[in-house]
Structures are given as C-alpha cells and as structure tokens.
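Trainee: Structure incoming, see below.
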Amino acid sequence: MKWSISIQDLKGDVFPAQMEGVKLVVNKVLSSHFQVAHTVHMSALGLPGYHLHAAYAGDWQLSPTEVFPTVVGDMDSSGSLNAQVLLLLAERLRAKAVFQTQQAKFLTWQFDGEYRGDDYTATLTLGNPDLIGESVIMVAHFLQSLTHRLVLGGELVYHRRPGEEGAILTLAGKYSAVHWVATLNVGSGGAHASYYHRANEQVQVGVEFEANTRLQDTTFSFGYHLTLPQANMVFRGLVDSNWCVGAVLEKKMPPLPVTLALGAFLNHWRNRFHCGFSITVG
Amino acid sequence: MKWSISIQDLKGGQFLQSAFYGIERGDYFLGVGVPCLCLFLPFPSPPPPSDVFPAQMEGVKLVVNKVLSSHFQVAHTVHMSALGLPGYHLHAAYAGDWQLSPTEVFPTVVGDMDSSGSLNAQVLLLLAERLRAKAVFQTQQAKFLTWQFDGEYRGDDYTATLTLGNPDLIGESVIMVAHFLQSLTHRLVLGGELVYHRRPGEEGAILTLAGKYSAVHWVATLNVGSGGAHASYYHRANEQVQVGVEFEANTRLQDTTFSFGYHLTLPQANMVFRGLVDSNWCVGAVLEKKMPPLPVTLALGAFLNHWRNRFHCGFSITVG
C-alpha cells in the first residue's frame, strides 16, 4: 500500500494561517459533484472583498481523497482568477493545469504531467511557457520509495529567459514513522528540514528550518496544534526566529454549522500586529 | 428614592467631545463639557436605555476582572493592537462603606494605570447628605493632562454642579463649568450649563440649554447652545430591541453628524449585538457573547468607514 501523505498537509494543519480582518465564508454543497463557497472579506489592506470559489469533481473516484476530473476555480470581485484542472489521462498518468490571473493579466499558466509507478513517481512541470518570449520554467522531479517508510528523490528546476538560463538541483528525503515525519531538502538554492510529531491524539508539534542561499537568510519555526474534540476546539500556535508569534483558535458552534476562528500575529522585531476573525458557515 | 442617570451611560461610555468650548485640548475631559442630566423621580421607573452604540474595537484585548473583596476589585487588561498603544492596563476600584443607593457607594476611588505610566484616577466623595465632591486626574506618562474638581449639590428636585477644570494659578488659566438641572415633572428635566474658560489674554463663555423628557419606553434629550446643538432619541421597542438616533451640530467645526444605533439582546443565546450607521459613512457592529459555564465573554467588533476606506476589527475576551 502506498502512503501518500504530502508534507503540505501536515504543514497546513500544524502551523496557523495568518488572519487579517473579518471574513465570512459560506460553503454550499450543490450536489455530490459541485460545491460553491462565497467569501466576503473586509480587511484594512483593501483587498478585493468578495471571492467565489467553485469546485467540480467528476465521476472517476480513484481513492477516498482523489476524484477525477477535478476543476477548481476562485474568482474575486476585481476579476482575478485562480483555476486548477486535474485530469486522469490513464491509470498511472495524471495531468494538471494551473492558471492564475490578476484582473486581466495572466500571472501563471502552468502544466504538469505525473506518472505513478509501483513505488516511484515522476513529474514534469512546465511553468509559464512563453514561445514568443522564449522563456520557460521546467521542473522535473522524481521520488522513489525505498521502503514503506523512506522516500528519496530529487528535483531539477531549469529556467530559461532570453539571454539567461540556469538550473538548480535539489535532493529530497522523507522518513515517515508511526508518530512522526521528517523531511530534508538540500540543494544549491538552500536547505529545508522539517520534523512533525504527533505526541498524542490531541497534540501535534512541528519544527521547520529553512536556509536560503540567495537571500542569505535562515528561518526556524516551531508550531503546535492542539485539538480538544469534546470542546469542538482546535488551537494552532507558532513561534518564529523572525520574532513572530501567532495563534489561531477555531471553534465549532454546535448545533449551528458555524465555525468561528480568531487569529492574531505579532512581529516583535518590526512591531507589527494584525488580528482577525472569520466565521465559516457550512 | 433618587435616580441619577447621566448622559454618559446613554452613549455607551463615549464622552461627547469638547465641542461646546472652542478650546483645543487634545484629549477628552472626563465629565467636563458633558451636560450631566440628573433625573429625579419620586418613584421607580423603568431603567433608561444604556449603551446602545457599539464601542470601536481594535486589536486583541484580554480583560481579567477580579473581585478581591466586597470593597475592592481589580481588572487586568492586556491589549495588543496595530496602533502600538501601551499593552497593559491595571484598573483598580475601591468602594467605601456608605451606600447611598444600589448604584452609589461612597467614597469611591477608581484608578487605571497603563504600562507606560499614564494614570486615570477618579475620587468620589460624599461630603454631606446632599453634597458630593469629585476629583479627576489624568496623566500621560509623567505629564498631567487633566486635573479637575467638582462639587454637586442635590436638592429635592434640582441639581447644581460647579466644576473647575485644570485650574492653574501660575498660568492663570481655568475652565469653569456650572450647571443646573431642574426636574419640572417626573418626566421632564430642564437645565442649563455655562462654560467659562480663561487663559492669559483670552476668556470666553458658552451657555447651553438642556432638556430631557423620559417616557415609559423612550427618552429624548436636546442640548442647544452657542457651541452647537445635540439631540438624541432612544426607544426601547421591546425587551430585545432598543434603537437610538443622535444628531450633533458643531458651530466651531461647521460640522453635523447623524448616527443611528441599535441594540439587540438575545438572553437565551447569551448574546448582545450593537450596530451603528453614521452620516460619516461609518458602519460598525459589536457582538458580545457569554460562554457559559465559563465566566467568559467574547466580543467581536468591526468598523468600516466607507468614505475614508478605513477598516478596523478586533476581538476581546473578558474573564470574570
């Protein structure tokens, strides 16, 4: 059996997300294939106030978490669009397309193909291919599962612009034990190491270390995730080497299908503070 | 039995600005410049609508109230905001032995000190059965902003108050406020306020006439003077809903403001909601919810000024 827990899932779960302003999210499931979310966001930064998020999931269900084809779109009140299309071309071959626009201008258009073997995965991504401007960013990565706990791999990023081209090679490794996961990415662009530990059913902790050779900067973060199911509460906290402290508290309010989230972030070094709360319905 | 309700209670603790003066003082005067309408009733009447308008909230606040004894209570406030205000406040209140009515205990000493050393202090004393004195001090770190003394005499159906604001013998400056309120019937109170300010080379006086009519379900007030006009109307529609409208005209700033506020109570949900719409294109709301069985109150607030495109939100947790 292949385990596909991506490190993004753990990171999104343990570290709190920055919150600013007031947000109201209304989720609506229109059918077993289609769901829509309306988001109204009022913030001091003056970002576009309304987002419409629509997700369509097709018929082919490969696993409990993967349904194909999947089309996801997010459009805001200024006309900016984020869209993703995931297709299953063959049993082992997947394709994905990502588009991102800012009002009328395209920021990102990206296509990738992924082949899943028995114990390996190979992916090729084309980012912003521009035939006229002769620029492209190509990412190729290969992950091999040596044992059911250890995954090793590498990533090659090649970018090309008129008069300039370069490549960065990164080696990656991930070890998953029963209660913890450790990852290490080392390359010419920098290094990234992380360790996540599930202490018990209620507490998870995670540490991350990141070094960037280009910015000559290193960051260390510590995050924890506390769940109290009987109180319908989830608490996430973060302490950073950039003198940042932040926390997000989420509480469900039964019997209403409402989740209230309160968050605050404080950067002691730059003396910046922002807080926000959000209400999610459905 | 005498009831004393001041206009501060009606506006939710927000003090009317010193618009009746023509003096720029920066911060607000505690109580000076606010017509304090005291209503005297020979028999009990329904309590007046209180704090209909929401208070502006910014940042995260944690308030821990602690009652140390029947005389002494303390509140710790930790406030984190984007404006960089001092983060910690200690509020202490001492109430003495002489209880004149359920809401008035003498002597009362109240102090609020923050982490930068600024102090707000009030002392209320009962000198005789009908004579009260109050002293208010406000400092910003080491500098005194306000030092104010007033004396109040309560007759059977009238109140006379004399206030000395920032008396400065050396600098020869003072602000004197004298007001007189007469209860004509148990519903109608009329009165006037004279504000006299003096600085070296300058002196002036402003006279304001004030009136307040309290019916069973509504209260209307009107203050008219050379500094401007202020009119308000509060209505208790039913046990859950109160609405209030306020109109303010300032002759010095040549500005008028109209505000509409509403207050919605849902006791079975332990929830109170206050909303505000303003003629300055401001919209704001505060939602307060108690969280039984914990003695915790959560308040969420957001204010949006459409004209200047400014938004701020905040939440606060009050324990105890």
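Every chain in the structure tokens has a letter given in the order shown (A, B, ...), and although residue numbers restart at 1 in each chain, ligands are simply numbered from 1 in the order shown.
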May I have the residues of chain B within 7 Å of chain A, counting only C-alpha atoms, written as a list of chain:residue names?
Mentor: B:Gly59, B:Val60, B:Ser81, B:Ala82, B:Arg310, B:Phe311, B:His312, B:Cys313, B:Gly314
Trainee: Could you pull the residues within 8 Å of region 219-224 of chain A, counting only C-alpha atoms, minus those fewer than 3 positions along the same chain, as a list in words?
Mentor: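 So the residues in contact are Val14, Phe15, Pro16, Val203, Gln204, Val205, Gly206, Val207, Glu208, Phe209, Glu210, Ala211, Arg236, Gly237, Leu238, Val239, Asp240, Ser241 and Asn242 of chain A.
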Trainee: Can you list every residue in region 57-282 of chain B that DSSP puts in strand (DSSP E or B), as a ChimeraX atom specification?
Mentor: /B:59-67,72-80,88-101,104-114,119-126,131-140,143-154,158-168,173-183,188-199,202-214,218-225,228-236,241-250,255-266,271-278,282
Trainee: Please provide the set of residues having any atom within 12 Å of Lys61 (chain B), restricted to only C-alpha atoms, with same-chain residues fewer than 3 positions apart removed, written as a list in words.
Mentor: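 Returned residues: Ala264 and Cys275 of chain A; Met57, Glu58, Val64, His76, Thr77, Val78, His79, Met80, Ser81, Ala82, Leu85, Pro86, Gly87, Tyr88, His89, Thr297, Leu298, Ala299, Leu300, Gly301, Cys313, Gly314, Phe315, Ser316, Ile317, Thr318 and Val319 of chain B.
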Trainee: When you look at Gln100 (chain A) with a cut-off of 10 Å (counting only C-alpha atoms), what residues show up, excluding the ones that are within fewer than 4 positions of it in the same chain? I need them as a list in words.
Mentor: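 Neighbouring residues, sequence-local ones excluded: Gly73, Asp74, Met75, Ser80, Leu81, Asn82, Ala83, Gln84, Lys105, Phe106, Leu107, Thr108, Trp109 and Gln110 of chain A.
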Trainee: If we count only C-alpha atoms and set the cut-off at 8 Å, which residues sit around Pro48 (chain A), ignoring sequence neighbours fewer than 5 positions away in its own chain? Please answer as a ChimeraX atom specification.
Mentor: /A:41,76-78
Trainee: Given the selection you just returned, output its residues as a file containing N, CA and C atoms, formatted as a tab-separated table (two decimals), in the first residue's frame.
Mentor:
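What follows is the written file again-v2.tsv:
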```tsv
chain	number	residue	atom	x	y	z
A	41	HIS	N	-14.70	39.29	2.52
A	41	HIS	CA	-13.53	39.61	3.35
A	41	HIS	C	-13.39	41.12	3.47
A	76	ASP	N	-12.38	36.62	-7.80
A	76	ASP	CA	-12.73	37.65	-6.82
A	76	ASP	C	-13.40	38.84	-7.50
A	77	SER	N	-13.77	39.80	-6.68
A	77	SER	CA	-14.60	40.88	-7.21
A	77	SER	C	-13.83	41.82	-8.12
A	78	SER	N	-12.50	41.71	-8.18
A	78	SER	CA	-11.76	42.55	-9.12
A	78	SER	C	-11.51	41.81	-10.42
```
Trainee: Just want the 12 Å neighbourhood of Val178 (chain A), counted on only C-alpha atoms, with same-chain residues fewer than 3 positions away dropped. Output as a PyMOL selection string.
Mentor: chain A and resi 3+148-149+175+181-182+196-200
